[in-house]
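A quick write-up on the structure given underneath.
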Amino acid sequence: FLRPGMKILDAGCGSGVLTKVLLEIAAERGVAGLRFYGFDLTQAMLDRFALFLRQKKISNVEICRADVLDIPSALPAYWRQFDLIVCSGMLEYIPQDRLAQALGNLRALLRDGGRIAVFISRKNFFNKLLITGLWKAGLYKKEQLVDVFQKSGFVNIKIGKFRSSWGFIVEAA
């Protein structure tokens with residue numbers, strides 16, 4: 001996924017775990033000129049991420065507080081035209097009847113030809129006990145994801161398993 005000069009958004013970045021992994025991969029592979037942006041609804045998580053960025057003197061990452069359901073007014077105007085949007089562990093907390101809206105808001109931030117990669121919890125017995133029971137988050141079947149991604153305007157939707165029974169990784173343009 002990573003190419004020199006890419007503009008990447010980590011939607012629901014939390015404390016920055018996914019961005020940190022991408023920064024590490026880019027460094028290992030010598031991929032230069034990447035610009036990262038991340039938003040999250042939880043200020044405490046953003047504060048942890050900001051501390052990490054300051055401690056490591058990382059200057060190619062910008063973060064802000066925003067709600068995926070209110071992106072047009074929440075993000076700076078120049079946070080558009082992303083080459084890649086990544087998202088992990090956020091969309092499960094969006095009410096299922098508003099997931100298409102959230103995905104549509106993210107799609108609107110992609111440049112033509114841009115891609116999205118989403119890690120999302122899969123509907124099964126174990127996850128129902130853990131994720132729904134403890135964390136009150138939603139779970140999805142593959143067919144539901146295909147439907148909601150299509151309704152949100154995505155094409156070339158590929159869905160694979162992630163961590164065997166935990167979840168799906170959805171890749172779309």
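Chain identifiers are assigned as A, B, and so on, following the order in which chains appear in the structure tokens; residues are numbered from 1 within each chain, and ligands are numbered from 1 in order of appearance.
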Just the residues within 12 Å of Ile157 in chain A, please, counting only C-alpha atoms, with nothing from its chain fewer than 5 positions along; format it as a PyMOL selection string.
-> chain A and resi 115-118+142-143+145-152+169-173
With C-alpha atoms retained, export the selected residues as a PDB file, in the first residue's frame.
```pdb
ATOM      1  CA  ARG A 115      -8.134   3.335  -1.383  1.00  0.00           C
ATOM      2  CA  ILE A 116      -9.495   2.503   2.024  1.00  0.00           C
ATOM      3  CA  ALA A 117      -8.453  -0.385   4.270  1.00  0.00           C
ATOM      4  CA  VAL A 118     -10.736  -1.148   7.213  1.00  0.00           C
ATOM      5  CA  LYS A 142     -19.379 -10.296   5.207  1.00  0.00           C
ATOM      6  CA  GLU A 143     -22.612  -9.719   3.264  1.00  0.00           C
ATOM      7  CA  LEU A 145     -20.124  -5.155   4.810  1.00  0.00           C
ATOM      8  CA  VAL A 146     -20.341  -5.598   1.047  1.00  0.00           C
ATOM      9  CA  ASP A 147     -23.802  -4.010   1.104  1.00  0.00           C
ATOM     10  CA  VAL A 148     -22.877  -1.016   3.262  1.00  0.00           C
ATOM     11  CA  PHE A 149     -19.638  -0.320   1.363  1.00  0.00           C
ATOM     12  CA  GLN A 150     -21.570  -0.387  -1.927  1.00  0.00           C
ATOM     13  CA  LYS A 151     -24.240   1.926  -0.499  1.00  0.00           C
ATOM     14  CA  SER A 152     -21.451   4.292   0.532  1.00  0.00           C
ATOM     15  CA  ILE A 169     -10.124  -6.525   6.471  1.00  0.00           C
ATOM     16  CA  VAL A 170     -12.045  -4.626   3.832  1.00  0.00           C
ATOM     17  CA  GLU A 171     -10.179  -3.013   0.975  1.00  0.00           C
ATOM     18  CA  ALA A 172     -12.050  -0.789  -1.440  1.00  0.00           C
ATOM     19  CA  ALA A 173     -11.651   2.103  -3.871  1.00  0.00           C
TER      20      ALA A 173
END
```
What are the closest atom pairs, with distances in Å to one decimal, for each residue of range 51-147 of chain A lying within 9 Å of range 28-41 of chain A, using only C-alpha atoms, rows by chain and rising residue number, as a Markdown table?
```
| residue | atom | partner | partner_atom | distance |
| --- | --- | --- | --- | --- |
| A:Asn60 | CA | A:Arg35 | CA | 5.2 |
| A:Val61 | CA | A:Phe36 | CA | 4.5 |
| A:Glu62 | CA | A:Tyr37 | CA | 4.7 |
| A:Ile63 | CA | A:Gly38 | CA | 4.6 |
| A:Cys64 | CA | A:Phe39 | CA | 5.0 |
| A:Arg65 | CA | A:Asp40 | CA | 5.2 |
| A:Ala66 | CA | A:Leu41 | CA | 5.2 |
| A:Asp67 | CA | A:Leu41 | CA | 5.4 |
| A:Val68 | CA | A:Leu41 | CA | 8.2 |
| A:Leu75 | CA | A:Phe39 | CA | 8.3 |
| A:Trp79 | CA | A:Tyr37 | CA | 7.8 |
| A:Met90 | CA | A:Asp40 | CA | 8.7 |
```
From the set A:Met6, A:Trp166, A:Thr42, A:Lys20, which residue has the shortest atom-to-atom contact distance to Tyr140 in chain A, counting only C-alpha atoms?
->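 Of A:Met6, A:Trp166, A:Thr42, A:Lys20, the one nearest Tyr140 in chain A is A:Trp166, counting only C-alpha atoms.
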Write out as a list in words which residues come within 10 Å of Ser15 in chain A when counting only C-alpha atoms, dropping same-chain ones fewer than 6 positions away.
->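 The neighbour list is Gly38, Phe39, Asp40, Thr42, Gln43, Ala44, Met45, Leu46, Asp47, Arg48, Phe49, Ala50, Leu51 and Phe52 of chain A.
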How would you write, as an MDAnalysis selection string, the set of residues in range 23-162 of chain A that DSSP gives as helix (DSSP H, G or I)?
-> chainID A and resid 23:29 43:55 68:74 91:93 96:107 125:135 142:151
So what do you get for CA of Lys141 in chain A versus CA of Asp83 in chain A, distance-wise?
->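 CA of Asp83 in chain A lies 27.1 Å from CA of Lys141 in chain A.
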Between CA of Ala108 in chain A and CA of Gly12 in chain A, distance in Å (one decimal) =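 One can read the CA of Ala108 in chain A to CA of Gly12 in chain A distance as 16.0 Å.
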Would you please work out which residue, of A:Phe1, A:Tyr93, A:Phe168, A:Phe82, is nearest to Gly114 in chain A when using only C-alpha atoms?
->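 Distance minimum relative to Gly114 in chain A lands on A:Phe82.
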From the list A:Pro95, A:Gly89, A:Gly104, A:Pro72, which residue is nearest Val17 in chain A when using only C-alpha atoms?
->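 The closest residue to Val17 in chain A is A:Gly89.
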From the DSSP assignment of the backbone, select every residue of range 8-165 of chain A that is strand (DSSP E), and format the answer as a ChimeraX atom specification.
-> /A:8-11,35-40,61-65,82-88,110-121,158-162
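Rounded to one decimal, CA of Val155 in chain A and CA of Leu103 in chain A lie 12.4 Å from each other.
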